[in-house]
file input-v7.txt (compact mmCIF, C-alpha atoms)
# COMPACT_ATOMS: atom_id res chain seq x y z
CA MET J 1 -19.14 -15.54 -22.95
CA LYS J 2 -19.09 -19.25 -22.34
CA PRO J 3 -20.48 -20.06 -18.90
CA ILE J 4 -18.10 -21.95 -16.68
CA THR J 5 -19.15 -25.48 -15.79
CA LYS J 6 -18.17 -27.45 -12.74
CA LYS J 7 -16.04 -29.63 -14.98
CA HIS J 8 -14.07 -26.69 -16.29
CA LYS J 9 -10.70 -26.97 -14.67
CA ILE J 10 -9.16 -23.73 -13.48
CA LYS J 11 -5.55 -23.66 -14.60
CA LYS J 12 -2.90 -22.58 -12.13
CA ILE J 13 -2.95 -18.79 -12.21
CA PRO J 14 0.45 -17.02 -12.07
CA SER J 15 0.57 -14.40 -9.35
CA PRO J 16 0.82 -11.30 -11.63
CA ALA J 17 -2.30 -12.54 -13.47
CA LEU J 18 -4.10 -13.17 -10.18
CA SER J 19 -3.17 -9.72 -8.97
CA ARG J 20 -4.49 -8.18 -12.22
CA LEU J 21 -7.72 -10.20 -12.00
CA CYS J 22 -8.37 -8.58 -8.61
CA LYS J 23 -7.81 -5.16 -10.17
CA ILE J 24 -10.07 -6.05 -13.13
CA TYR J 25 -12.68 -6.94 -10.50
CA SER J 26 -12.31 -3.50 -8.85
CA LEU J 27 -12.56 -1.85 -12.26
CA ALA J 28 -15.70 -3.87 -13.13
CA GLU J 29 -17.24 -2.75 -9.83
CA GLU J 30 -16.46 0.87 -10.61
CA LEU J 31 -17.85 0.66 -14.15
CA GLU J 32 -20.97 -1.21 -13.06
CA ASP J 33 -21.55 1.51 -10.49
CA LYS J 34 -21.33 4.08 -13.31
CA GLY J 35 -23.94 2.13 -15.28
CA GLU J 36 -21.63 0.89 -18.04
CA ILE J 37 -22.45 -2.38 -19.79
CA SER J 38 -19.34 -3.70 -21.53
CA ILE J 39 -15.61 -3.07 -21.82
CA SER J 40 -12.95 -4.24 -24.27
CA SER J 41 -9.69 -5.91 -23.24
CA LYS J 42 -7.95 -2.90 -24.81
CA ASP J 43 -9.74 -0.46 -22.50
CA ILE J 44 -9.09 -2.63 -19.44
CA GLY J 45 -5.41 -2.83 -20.39
CA LYS J 46 -5.22 0.93 -20.77
CA ARG J 47 -6.66 1.45 -17.29
CA LEU J 48 -4.30 -1.09 -15.73
CA GLY J 49 -1.28 0.04 -17.71
CA VAL J 50 -0.70 -3.28 -19.52
CA GLY J 51 -1.35 -4.62 -23.02
CA SER J 52 -4.75 -6.01 -24.09
CA HIS J 53 -3.18 -9.44 -24.77
CA ASN J 54 -2.26 -9.63 -21.06
CA ILE J 55 -5.84 -8.92 -20.10
CA ARG J 56 -7.23 -11.56 -22.49
CA LYS J 57 -4.73 -14.06 -21.12
CA ASP J 58 -5.57 -13.15 -17.49
CA VAL J 59 -9.28 -13.62 -18.11
CA SER J 60 -8.67 -16.87 -20.00
CA TYR J 61 -7.19 -18.36 -16.81
CA ILE J 62 -10.64 -18.27 -15.25
CA GLY J 63 -12.14 -19.92 -18.32
CA GLU J 64 -13.49 -16.88 -20.15
CA THR J 65 -12.77 -15.83 -23.70
CA GLY J 66 -14.91 -12.68 -24.11
CA THR J 67 -16.85 -11.82 -27.24
CA SER J 68 -14.80 -10.58 -30.16
CA GLY J 69 -15.77 -7.03 -31.03
CA SER J 70 -18.06 -6.01 -28.19
CA GLY J 71 -15.69 -7.00 -25.39
CA TYR J 72 -16.66 -8.30 -21.97
CA ASP J 73 -20.08 -8.01 -20.36
CA ILE J 74 -19.10 -6.16 -17.17
CA LYS J 75 -21.71 -7.72 -14.88
CA LYS J 76 -20.88 -11.26 -16.01
CA LEU J 77 -17.13 -10.71 -15.87
CA LYS J 78 -17.40 -9.41 -12.31
CA ALA J 79 -19.65 -12.27 -11.18
CA HIS J 80 -17.35 -14.79 -12.79
CA ILE J 81 -14.15 -13.47 -11.20
CA GLU J 82 -15.98 -13.33 -7.86
CA GLU J 83 -17.06 -16.97 -8.14
CA VAL J 84 -13.80 -18.50 -9.35
CA LEU J 85 -11.61 -16.57 -6.92
CA GLY J 86 -14.06 -16.99 -4.02
CA LEU J 87 -14.02 -13.27 -3.32
CA LYS J 88 -17.24 -13.40 -1.30
CA LYS J 89 -16.17 -16.35 0.83
CA GLU J 90 -16.05 -15.31 4.49
CA ARG J 91 -12.62 -15.58 6.08
CA ASN J 92 -11.44 -14.86 9.60
CA ALA J 93 -8.79 -12.23 10.11
CA CYS J 94 -7.03 -10.48 12.98
CA ILE J 95 -5.45 -7.07 13.51
CA ILE J 96 -2.11 -6.79 15.25
CA GLY J 97 -1.46 -3.37 16.73
CA LEU J 98 -4.48 -1.49 18.03
CA GLY J 99 -3.32 2.05 17.33
CA SER J 100 -5.20 4.47 15.10
CA LEU J 101 -4.23 2.69 11.86
CA GLY J 102 -5.34 -0.69 13.21
CA VAL J 103 -8.71 0.63 14.28
CA VAL J 104 -9.36 2.45 11.01
CA ILE J 105 -8.43 -0.56 8.91
CA MET J 106 -10.94 -2.49 10.95
CA ASN J 107 -13.69 0.01 10.20
CA TYR J 108 -12.66 0.61 6.59
CA GLN J 109 -12.69 -3.11 5.88
CA LYS J 110 -16.25 -3.44 7.23
CA ASP J 111 -17.53 -1.21 4.45
CA LEU J 112 -15.38 -2.40 1.61
CA LEU J 113 -14.71 -6.04 2.35
CA PRO J 114 -17.64 -7.45 4.31
CA SER J 115 -16.37 -10.98 3.57
CA LEU J 116 -13.40 -10.42 5.84
CA ILE J 117 -14.42 -11.07 9.43
CA ILE J 118 -12.06 -9.56 11.97
CA VAL J 119 -12.41 -11.82 15.00
CA ALA J 120 -9.49 -10.74 17.17
CA GLY J 121 -7.20 -7.84 17.92
CA PHE J 122 -3.74 -8.04 19.51
CA ASP J 123 -1.48 -5.52 21.15
CA SER J 124 1.66 -5.90 23.21
CA ASN J 125 0.62 -2.97 25.40
CA VAL J 126 -1.53 -4.49 28.15
CA ASN J 127 -2.72 -1.07 29.35
CA LYS J 128 -4.13 -0.41 25.89
CA LEU J 129 -5.97 -3.74 25.94
CA GLU J 130 -7.68 -2.74 29.16
CA THR J 131 -8.84 0.66 28.00
CA ILE J 132 -9.56 0.28 24.25
CA LYS J 133 -13.21 0.32 23.23
CA ILE J 134 -13.74 -1.81 20.14
CA SER J 135 -16.30 -4.43 19.24
CA ILE J 136 -13.93 -7.43 18.93
CA PRO J 137 -12.14 -9.46 21.59
CA VAL J 138 -8.59 -8.24 22.24
CA TYR J 139 -5.59 -10.21 23.48
CA PRO J 140 -1.93 -9.67 24.39
CA THR J 141 0.45 -10.60 21.56
CA TYR J 142 1.87 -13.61 23.43
CA GLU J 143 -1.49 -15.34 22.93
CA ILE J 144 -1.35 -15.04 19.12
CA THR J 145 -0.57 -18.70 18.34
CA GLU J 146 -3.33 -20.04 20.55
CA VAL J 147 -6.03 -17.59 19.36
CA VAL J 148 -5.15 -17.96 15.64
CA LYS J 149 -5.52 -21.73 15.95
CA ARG J 150 -8.70 -21.63 18.02
CA GLU J 151 -10.49 -19.01 15.91
CA ASN J 152 -9.33 -20.44 12.57
CA ILE J 153 -7.79 -17.13 11.53
CA GLU J 154 -6.40 -17.13 7.99
CA LEU J 155 -5.21 -13.56 7.57
CA ALA J 156 -3.29 -11.20 9.86
CA VAL J 157 -2.95 -7.48 9.35
CA ILE J 158 0.03 -5.94 11.15
CA THR J 159 -0.41 -2.21 11.61
CA GLU J 160 2.11 -1.06 14.16
CA PRO J 161 5.86 -1.09 14.25
CA ASP J 162 7.06 -3.42 16.95
CA ARG J 163 10.57 -4.36 17.90
CA ASN J 164 9.52 -7.97 17.89
CA ILE J 165 7.82 -8.20 14.52
CA GLU J 166 9.80 -11.35 13.63
CA LYS J 167 8.55 -13.00 16.81
CA ILE J 168 5.01 -11.94 16.00
CA SER J 169 5.27 -13.42 12.53
CA GLU J 170 6.66 -16.67 14.02
CA ARG J 171 3.72 -16.88 16.41
CA LEU J 172 1.30 -16.28 13.55
CA MET J 173 2.88 -19.05 11.50
CA GLN J 174 2.86 -21.43 14.46
CA GLY J 175 -0.87 -20.77 14.67
CA GLY J 176 -1.26 -21.72 11.01
CA ILE J 177 -1.79 -18.28 9.46
CA LYS J 178 -2.04 -18.31 5.64
CA GLY J 179 -1.34 -14.68 4.83
CA ILE J 180 0.04 -11.52 6.41
CA ILE J 181 -0.45 -7.95 5.27
CA ASN J 182 2.25 -5.86 6.87
CA PHE J 183 1.69 -2.10 7.03
CA THR J 184 4.81 -1.38 9.07
CA PRO J 185 8.10 -0.14 7.61
CA VAL J 186 9.82 -3.31 8.82
CA ILE J 187 10.12 -5.73 5.90
CA LEU J 188 8.89 -9.23 6.72
CA ASN J 189 10.54 -11.88 4.62
CA PRO J 190 9.74 -15.36 5.97
CA GLY J 191 10.89 -17.22 2.88
CA PRO J 192 8.96 -18.84 0.04
CA GLY J 193 6.22 -21.38 0.50
CA SER J 194 5.49 -20.90 4.18
CA VAL J 195 3.05 -18.02 4.16
CA TYR J 196 2.10 -15.20 1.80
CA VAL J 197 3.38 -11.84 3.02
CA ARG J 198 2.64 -8.47 1.43
CA ASN J 199 4.59 -5.49 2.73
CA ILE J 200 2.71 -2.23 2.20
CA ASP J 201 5.01 0.43 3.53
CA ILE J 202 3.08 3.67 3.42
CA VAL J 203 5.86 5.67 5.08
CA SER J 204 8.43 4.57 2.47
CA GLU J 205 5.99 5.57 -0.27
CA PHE J 206 5.80 9.08 1.10
CA ARG J 207 9.55 9.22 1.50
CA TYR J 208 10.05 8.00 -2.05
CA LEU J 209 7.94 10.89 -3.32
CA SER J 210 9.76 13.38 -1.17
CA ALA J 211 13.07 12.05 -2.54
CA LEU J 212 11.81 12.29 -6.13
CA PHE J 213 10.87 15.93 -5.56
CA THR J 214 14.28 16.68 -4.03
CA LEU J 215 16.19 15.07 -6.90
CA SER J 216 14.10 16.86 -9.53
CA GLU J 217 14.83 20.18 -7.80
CA LYS J 218 18.57 19.48 -8.01
CA GLU J 219 18.54 18.86 -11.76
CA MET B 1 32.86 6.02 4.45
CA LYS B 2 33.90 9.00 2.36
CA PRO B 3 31.95 12.07 3.39
CA ILE B 4 29.98 13.66 0.57
CA THR B 5 31.17 17.09 -0.49
CA LYS B 6 29.15 19.81 -2.11
CA LYS B 7 31.04 19.17 -5.31
CA HIS B 8 30.12 15.51 -5.37
CA LYS B 9 27.58 15.20 -8.15
CA ILE B 10 24.63 12.93 -7.42
CA LYS B 11 24.10 10.71 -10.43
CA LYS B 12 20.58 10.23 -11.72
CA ILE B 13 19.07 7.53 -9.53
CA PRO B 14 16.86 4.95 -11.29
CA SER B 15 13.48 4.58 -9.60
CA PRO B 16 13.94 0.99 -8.27
CA ALA B 17 17.20 2.13 -6.62
CA LEU B 18 15.51 5.22 -5.19
CA SER B 19 12.69 3.08 -3.84
CA ARG B 20 15.21 0.70 -2.22
CA LEU B 21 17.18 3.61 -0.73
CA CYS B 22 13.96 4.67 1.07
CA LYS B 23 13.58 1.14 2.41
CA ILE B 24 17.25 1.04 3.44
CA TYR B 25 16.53 4.26 5.34
CA SER B 26 13.59 2.62 7.17
CA LEU B 27 15.76 -0.38 7.97
CA ALA B 28 18.55 1.87 9.27
CA GLU B 29 16.00 3.62 11.50
CA GLU B 30 14.81 0.29 12.87
CA LEU B 31 18.34 -0.99 13.52
CA GLU B 32 19.47 2.28 15.10
CA ASP B 33 16.45 2.04 17.39
CA LYS B 34 17.59 -1.45 18.39
CA GLY B 35 21.04 -0.09 19.20
CA GLU B 36 22.91 -1.77 16.35
CA ILE B 37 26.04 -0.11 14.97
CA SER B 38 26.78 -1.49 11.51
CA ILE B 39 25.29 -3.66 8.79
CA SER B 40 26.73 -5.36 5.70
CA SER B 41 25.29 -4.98 2.20
CA LYS B 42 24.61 -8.71 2.33
CA ASP B 43 22.40 -8.37 5.42
CA ILE B 44 20.58 -5.37 3.98
CA GLY B 45 19.97 -7.32 0.76
CA LYS B 46 18.62 -10.27 2.71
CA ARG B 47 16.13 -8.06 4.53
CA LEU B 48 15.00 -6.38 1.32
CA GLY B 49 14.94 -9.59 -0.71
CA VAL B 50 17.58 -8.49 -3.24
CA GLY B 51 21.27 -9.26 -3.85
CA SER B 52 24.06 -7.47 -1.97
CA HIS B 53 25.46 -6.11 -5.27
CA ASN B 54 22.13 -4.24 -5.76
CA ILE B 55 22.49 -2.69 -2.34
CA ARG B 56 26.09 -1.60 -2.95
CA LYS B 57 25.04 -0.10 -6.29
CA ASP B 58 22.03 1.67 -4.69
CA VAL B 59 24.21 3.20 -2.01
CA SER B 60 26.88 4.17 -4.55
CA TYR B 61 24.31 6.42 -6.30
CA ILE B 62 24.38 8.70 -3.27
CA GLY B 63 28.17 8.74 -3.30
CA GLU B 64 28.91 6.15 -0.65
CA THR B 65 31.08 3.08 -0.95
CA GLY B 66 30.95 1.56 2.54
CA THR B 67 33.91 -0.02 4.25
CA SER B 68 34.98 -3.40 2.98
CA GLY B 69 34.55 -6.01 5.68
CA SER B 70 32.71 -4.18 8.43
CA GLY B 71 29.90 -2.89 6.24
CA TYR B 72 28.03 0.39 6.65
CA ASP B 73 27.94 2.52 9.75
CA ILE B 74 24.18 2.63 10.34
CA LYS B 75 24.00 6.14 11.81
CA LYS B 76 26.08 7.62 9.01
CA LEU B 77 24.25 5.74 6.27
CA LYS B 78 20.92 6.95 7.59
CA ALA B 79 22.08 10.57 7.90
CA HIS B 80 23.55 10.46 4.43
CA ILE B 81 20.42 9.09 2.73
CA GLU B 82 18.38 11.67 4.64
CA GLU B 83 20.57 14.51 3.43
CA VAL B 84 20.91 13.54 -0.22
CA LEU B 85 17.25 12.64 -0.67
CA GLY B 86 16.00 15.61 1.36
CA LEU B 87 13.85 13.38 3.54
CA LYS B 88 13.53 15.98 6.29
CA LYS B 89 12.62 18.82 3.94
CA GLU B 90 9.15 20.11 4.79
CA ARG B 91 6.61 19.75 2.00
CA ASN B 92 2.99 20.76 1.79
CA ALA B 93 0.40 18.07 1.19
CA CYS B 94 -3.38 17.73 1.02
CA ILE B 95 -5.86 14.97 1.74
CA ILE B 96 -8.72 14.33 -0.66
CA GLY B 97 -11.64 12.49 0.90
CA LEU B 98 -12.30 13.19 4.57
CA GLY B 99 -13.67 9.80 5.59
CA SER B 100 -12.14 7.61 8.27
CA LEU B 101 -9.13 6.62 6.16
CA GLY B 102 -8.38 10.24 5.27
CA VAL B 103 -8.47 11.36 8.86
CA VAL B 104 -6.31 8.49 10.11
CA ILE B 105 -3.69 9.01 7.42
CA MET B 106 -3.54 12.58 8.58
CA ASN B 107 -2.91 11.56 12.18
CA TYR B 108 -0.60 8.66 11.31
CA GLN B 109 1.55 10.90 9.15
CA LYS B 110 1.98 13.40 12.00
CA ASP B 111 3.82 10.80 14.06
CA LEU B 112 5.81 9.11 11.34
CA LEU B 113 6.45 11.81 8.78
CA PRO B 114 6.59 15.14 10.57
CA SER B 115 8.19 16.69 7.46
CA LEU B 116 4.94 16.33 5.54
CA ILE B 117 2.69 19.26 6.39
CA ILE B 118 -0.95 18.65 5.56
CA VAL B 119 -2.32 22.11 4.86
CA ALA B 120 -5.72 21.34 3.29
CA GLY B 121 -8.46 18.75 3.15
CA PHE B 122 -11.01 18.33 0.36
CA ASP B 123 -14.32 16.53 0.12
CA SER B 124 -17.07 16.65 -2.47
CA ASN B 125 -19.67 16.28 0.27
CA VAL B 126 -20.43 19.83 1.41
CA ASN B 127 -22.38 18.61 4.45
CA LYS B 128 -19.30 16.77 5.64
CA LEU B 129 -17.21 19.92 5.24
CA GLU B 130 -19.59 21.78 7.53
CA THR B 131 -19.61 19.21 10.31
CA ILE B 132 -16.13 17.65 10.33
CA LYS B 133 -13.85 18.58 13.20
CA ILE B 134 -10.23 18.55 12.14
CA SER B 135 -7.39 20.95 12.64
CA ILE B 136 -6.79 21.88 8.98
CA PRO B 137 -8.81 24.09 6.62
CA VAL B 138 -11.25 22.07 4.47
CA TYR B 139 -12.60 22.91 1.02
CA PRO B 140 -15.01 21.49 -1.57
CA THR B 141 -13.24 19.52 -4.32
CA TYR B 142 -14.05 22.10 -7.01
CA GLU B 143 -11.59 24.45 -5.30
CA ILE B 144 -8.66 22.02 -5.62
CA THR B 145 -6.79 23.81 -8.41
CA GLU B 146 -6.94 27.18 -6.71
CA VAL B 147 -5.95 25.93 -3.24
CA VAL B 148 -3.10 23.71 -4.52
CA LYS B 149 -1.61 26.71 -6.34
CA ARG B 150 -2.11 29.14 -3.48
CA GLU B 151 -0.79 26.85 -0.73
CA ASN B 152 2.10 25.50 -2.80
CA ILE B 153 0.93 21.90 -2.28
CA GLU B 154 3.27 19.32 -3.77
CA LEU B 155 1.63 16.04 -2.75
CA ALA B 156 -2.00 14.89 -2.75
CA VAL B 157 -3.29 11.82 -0.95
CA ILE B 158 -6.57 10.50 -2.32
CA THR B 159 -8.36 8.32 0.20
CA GLU B 160 -11.92 7.90 -0.94
CA PRO B 161 -13.46 6.35 -4.03
CA ASP B 162 -15.15 9.04 -6.07
CA ARG B 163 -16.94 8.78 -9.35
CA ASN B 164 -14.95 11.75 -10.56
CA ILE B 165 -11.44 10.72 -9.64
CA GLU B 166 -10.18 11.58 -13.13
CA LYS B 167 -11.57 15.08 -12.77
CA ILE B 168 -9.94 15.37 -9.34
CA SER B 169 -6.58 14.32 -10.75
CA GLU B 170 -6.97 16.87 -13.58
CA ARG B 171 -7.68 19.63 -11.07
CA LEU B 172 -4.66 18.60 -9.03
CA MET B 173 -2.43 18.72 -12.09
CA GLN B 174 -3.81 22.09 -13.16
CA GLY B 175 -2.81 23.32 -9.71
CA GLY B 176 0.73 22.07 -10.31
CA ILE B 177 0.75 19.01 -8.06
CA LYS B 178 3.97 16.96 -8.25
CA GLY B 179 2.82 13.64 -6.82
CA ILE B 180 -0.36 11.73 -5.98
CA ILE B 181 -0.73 8.78 -3.64
CA ASN B 182 -4.00 7.07 -4.51
CA PHE B 183 -5.50 4.75 -1.89
CA THR B 184 -8.71 4.09 -3.82
CA PRO B 185 -9.34 0.98 -5.94
CA VAL B 186 -9.66 3.19 -9.04
CA ILE B 187 -6.37 3.11 -10.93
CA LEU B 188 -5.06 6.55 -11.84
CA ASN B 189 -2.88 6.51 -14.92
CA PRO B 190 -2.20 10.06 -16.11
CA GLY B 191 0.68 9.13 -18.40
CA PRO B 192 4.43 9.50 -18.04
CA GLY B 193 6.23 12.71 -17.21
CA SER B 194 3.29 14.75 -16.00
CA VAL B 195 3.04 13.74 -12.36
CA TYR B 196 4.15 10.82 -10.20
CA VAL B 197 1.24 8.60 -9.20
CA ARG B 198 1.40 5.66 -6.83
CA ASN B 199 -1.70 3.46 -6.60
CA ILE B 200 -1.90 1.66 -3.25
CA ASP B 201 -5.04 -0.42 -3.49
CA ILE B 202 -5.56 -1.95 -0.06
CA VAL B 203 -8.85 -3.59 -1.03
CA SER B 204 -7.29 -5.38 -4.00
CA GLU B 205 -4.50 -6.62 -1.73
CA PHE B 206 -7.03 -8.23 0.58
CA ARG B 207 -8.90 -9.69 -2.38
CA TYR B 208 -5.68 -11.06 -3.83
CA LEU B 209 -5.02 -12.92 -0.60
CA SER B 210 -8.56 -14.24 -0.44
CA ALA B 211 -8.19 -15.47 -4.04
CA LEU B 212 -4.86 -17.14 -3.23
CA PHE B 213 -6.49 -19.00 -0.33
CA THR B 214 -9.40 -20.10 -2.54
CA LEU B 215 -7.12 -21.39 -5.28
CA SER B 216 -4.91 -23.26 -2.82
CA GLU B 217 -7.99 -24.95 -1.36
CA LYS B 218 -9.00 -26.15 -4.83
CA GLU B 219 -5.64 -27.79 -5.53
call {"tool": "encode", "arguments": {"input": "input-v7.txt", "output": "structure tokens"}}
result
Amino acid sequence: MKPITKKHKIKKIPSPALSRLCKIYSLAEELEDKGEISISSKDIGKRLGVGSHNIRKDVSYIGETGTSGSGYDIKKLKAHIEEVLGLKKERNACIIGLGSLGVVIMNYQKDLLPSLIIVAGFDSNVNKLETIKISIPVYPTYEITEVVKRENIELAVITEPDRNIEKISERLMQGGIKGIINFTPVILNPGPGSVYVRNIDIVSEFRYLSALFTLSEKE
Amino acid sequence: MKPITKKHKIKKIPSPALSRLCKIYSLAEELEDKGEISISSKDIGKRLGVGSHNIRKDVSYIGETGTSGSGYDIKKLKAHIEEVLGLKKERNACIIGLGSLGVVIMNYQKDLLPSLIIVAGFDSNVNKLETIKISIPVYPTYEITEVVKRENIELAVITEPDRNIEKISERLMQGGIKGIINFTPVILNPGPGSVYVRNIDIVSEFRYLSALFTLSEKE
């Protein structure tokens, strides 16, 4: 593997490739944990459900070419993805909705993504704000814009359905948020270019499965 | 809207359409909650980020055509999707991995998906099984096949990374599981036809965002 130099220019990475690079990183972590040393693009592709040429192309975006025959050195591949994509860079985040899902994501993230620093929590229920016991400062949702600006928050995680989710997303954007992960069933769609939004609708996933089962029973 | 009759044959629904129908259902729920009466295919498409012709086609799979001009009656559309896709049918499920995410998914699901009945929990850590306080029976992971068969469990939710996730998925399939929702970063890929698997990798989503921010800073 050729080491990357400061002069090596990272080409613009298309979003499906970027998404796969993050999954290759997770896979490398898993394999390293199991004590494995190297992996071929073919094996990576098999695990991710895509062709090996895709994997080689994905990895080439970050300036790597692999070694023909023996494949990628897992440790180096992981370190390299981590460096180029800045995966260990600390970034401020906030949680919107302090119900059970919000609190668990906060705890879960501490173990798995220590680079994400949750610096604020928001809830529209003022009673909840007064009684909740968590280790971060909490605010009413009408203060979102101000707090996001002041605390330099880049990422918001929305965990609870709210009638005013569009207003919440507006406030986040006015505060300069860069990305939103939306765990509610309400689809956020603020238009291209402004902010990155990922809708992860767990409830719809469960419903989709239930529907699949129903339809297969009818056949 | 023409009411569906028993004789109306539901055509085979392609999976993207089925997935959208579940999202249309969530949207209908949200709008009904807000007190709205009807919605056009154009507005639904806008919210879901697809064209209105897709929406009309999706809805036509369940035997509906809408009313030209005034759009769909929200209450009826919701009830109809619910009936055809069996979204209220009770189904047995299990949780694998009794860490914080496992427990919260269990509680979260109770509020949002009362039709999913979690009847068993599994963990490979026997000490955890002895000390955990939850309201469902818990078992060691080596009993998965037996319990899934006995309890007629259709859906498994895997919440914790495990070195032996492939073995766990094998045991689930030997027990006759129909679907797996996998929240761990390890990608499960058991091949087509055998069982439906949905990988929801929350950690990779956060990493993807972090990577996007890094790359945009380099530009």
call {"tool": "closest_residue", "arguments": {"input": "input-v7.txt", "among": "B:His80, B:Lys89, B:Arg150, B:Lys42", "to": "chain J", "atoms": "only C-alpha atoms"}}
result
B:Lys89
call {"tool": "closest_residue", "arguments": {"input": "input-v7.txt", "among": "B:Ile13, B:Ile118, B:Ile74, B:Ser52", "to": "Leu31 of chain B", "atoms": "only C-alpha atoms"}}
result
B:Ile74
call {"tool": "closest_atom_pairs", "arguments": {"input": "input-v7.txt", "of": "chain B", "to": "chain J", "cutoff": "6 Å", "atoms": "all atoms listed in the file", "output": "Markdown table"}}
result
| residue | atom | partner | partner_atom | distance |
| --- | --- | --- | --- | --- |
| B:Ser19 | CA | J:Tyr208 | CA | 5.9 |
| B:Cys22 | CA | J:Ser204 | CA | 5.7 |
| B:Leu85 | CA | J:Ala211 | CA | 4.6 |
| B:Gly86 | CA | J:Thr214 | CA | 5.8 |
| B:Ser204 | CA | J:Cys22 | CA | 5.7 |
| B:Tyr208 | CA | J:Ser19 | CA | 5.9 |
| B:Ala211 | CA | J:Leu85 | CA | 4.6 |
| B:Thr214 | CA | J:Gly86 | CA | 5.8 |
call {"tool": "residues_around", "arguments": {"input": "input-v7.txt", "residues": "Ser41 of chain B", "least_positions_apart": "6", "cutoff": "8 Å", "atoms": "all atoms listed in the file", "output": "VMD selection string"}}
result
chain B and resid 52 to 53 55 to 56 71 to 72
call {"tool": "atom_distance", "arguments": {"input": "input-v7.txt", "atom1": "atom CA of Val195 of chain B", "atom2": "atom CA of Ile144 of chain B"}}
result
15.8 Å
call {"tool": "atom_distance", "arguments": {"input": "input-v7.txt", "atom1": "atom CA of Lys76 of chain J", "atom2": "atom CA of Lys167 of chain B"}}
result
28.1 Å
call {"tool": "residues_around", "arguments": {"input": "input-v7.txt", "residues": "Tyr139 of chain J", "least_positions_apart": "5", "cutoff": "12 Å", "atoms": "only C-alpha atoms", "output": "PDB file with C-alpha atoms, in the coordinates of the input"}}
result
ATOM      1  CA  CYS J  94      -7.030 -10.480  12.980  1.00  0.00           C
ATOM      2  CA  ILE J  95      -5.450  -7.070  13.510  1.00  0.00           C
ATOM      3  CA  ILE J  96      -2.110  -6.790  15.250  1.00  0.00           C
ATOM      4  CA  GLY J  97      -1.460  -3.370  16.730  1.00  0.00           C
ATOM      5  CA  LEU J  98      -4.480  -1.490  18.030  1.00  0.00           C
ATOM      6  CA  VAL J 119     -12.410 -11.820  15.000  1.00  0.00           C
ATOM      7  CA  ALA J 120      -9.490 -10.740  17.170  1.00  0.00           C
ATOM      8  CA  GLY J 121      -7.200  -7.840  17.920  1.00  0.00           C
ATOM      9  CA  PHE J 122      -3.740  -8.040  19.510  1.00  0.00           C
ATOM     10  CA  ASP J 123      -1.480  -5.520  21.150  1.00  0.00           C
ATOM     11  CA  SER J 124       1.660  -5.900  23.210  1.00  0.00           C
ATOM     12  CA  ASN J 125       0.620  -2.970  25.400  1.00  0.00           C
ATOM     13  CA  VAL J 126      -1.530  -4.490  28.150  1.00  0.00           C
ATOM     14  CA  ASN J 127      -2.720  -1.070  29.350  1.00  0.00           C
ATOM     15  CA  LYS J 128      -4.130  -0.410  25.890  1.00  0.00           C
ATOM     16  CA  LEU J 129      -5.970  -3.740  25.940  1.00  0.00           C
ATOM     17  CA  GLU J 130      -7.680  -2.740  29.160  1.00  0.00           C
ATOM     18  CA  ILE J 132      -9.560   0.280  24.250  1.00  0.00           C
ATOM     19  CA  ILE J 144      -1.350 -15.040  19.120  1.00  0.00           C
ATOM     20  CA  THR J 145      -0.570 -18.700  18.340  1.00  0.00           C
ATOM     21  CA  GLU J 146      -3.330 -20.040  20.550  1.00  0.00           C
ATOM     22  CA  VAL J 147      -6.030 -17.590  19.360  1.00  0.00           C
ATOM     23  CA  VAL J 148      -5.150 -17.960  15.640  1.00  0.00           C
TER      24      VAL J 148
END
call {"tool": "atom_distance", "arguments": {"input": "input-v7.txt", "atom1": "atom CA of Glu36 of chain B", "atom2": "atom CA of Asn54 of chain B"}}
result
22.3 Å
call {"tool": "closest_residue", "arguments": {"input": "input-v7.txt", "among": "B:Ser38, B:Asn182, B:Asn92, B:Gln174", "to": "Tyr142 of chain B", "atoms": "only C-alpha atoms"}}
result
B:Gln174
call {"tool": "axis_aligned_box", "arguments": {"input": "input-v7.txt", "around": "segment 134-140 of chain J", "padding_each_side": "8 Å", "output": "AutoDock Vina command-line options"}}
result
--center_x -9.1 --center_y -6.0 --center_z 21.7 --size_x 30.4 --size_y 24.4 --size_z 21.5
call {"tool": "build_atoms", "arguments": {"input": "input-v7.txt", "residues": "segment 171-176 of chain B", "atoms": "N, CA and C atoms", "output": "PDB file, in the frame of the given file"}}
result
ATOM      1  N   ARG B 171      -7.734  18.378 -11.852  1.00  0.00           N
ATOM      2  CA  ARG B 171      -7.680  19.630 -11.070  1.00  0.00           C
ATOM      3  C   ARG B 171      -6.367  19.744 -10.303  1.00  0.00           C
ATOM      4  N   LEU B 172      -5.924  18.601  -9.767  1.00  0.00           N
ATOM      5  CA  LEU B 172      -4.660  18.600  -9.030  1.00  0.00           C
ATOM      6  C   LEU B 172      -3.518  19.000  -9.957  1.00  0.00           C
ATOM      7  N   MET B 173      -3.518  18.425 -11.165  1.00  0.00           N
ATOM      8  CA  MET B 173      -2.430  18.720 -12.090  1.00  0.00           C
ATOM      9  C   MET B 173      -2.483  20.160 -12.573  1.00  0.00           C
ATOM     10  N   GLN B 174      -3.683  20.676 -12.773  1.00  0.00           N
ATOM     11  CA  GLN B 174      -3.810  22.090 -13.160  1.00  0.00           C
ATOM     12  C   GLN B 174      -3.272  23.005 -12.059  1.00  0.00           C
ATOM     13  N   GLY B 175      -3.349  22.540 -10.820  1.00  0.00           N
ATOM     14  CA  GLY B 175      -2.810  23.320  -9.710  1.00  0.00           C
ATOM     15  C   GLY B 175      -1.308  23.166  -9.558  1.00  0.00           C
ATOM     16  N   GLY B 176      -0.714  22.250 -10.339  1.00  0.00           N
ATOM     17  CA  GLY B 176       0.730  22.070 -10.310  1.00  0.00           C
ATOM     18  C   GLY B 176       1.218  21.013  -9.321  1.00  0.00           C
TER      19      GLY B 176
END
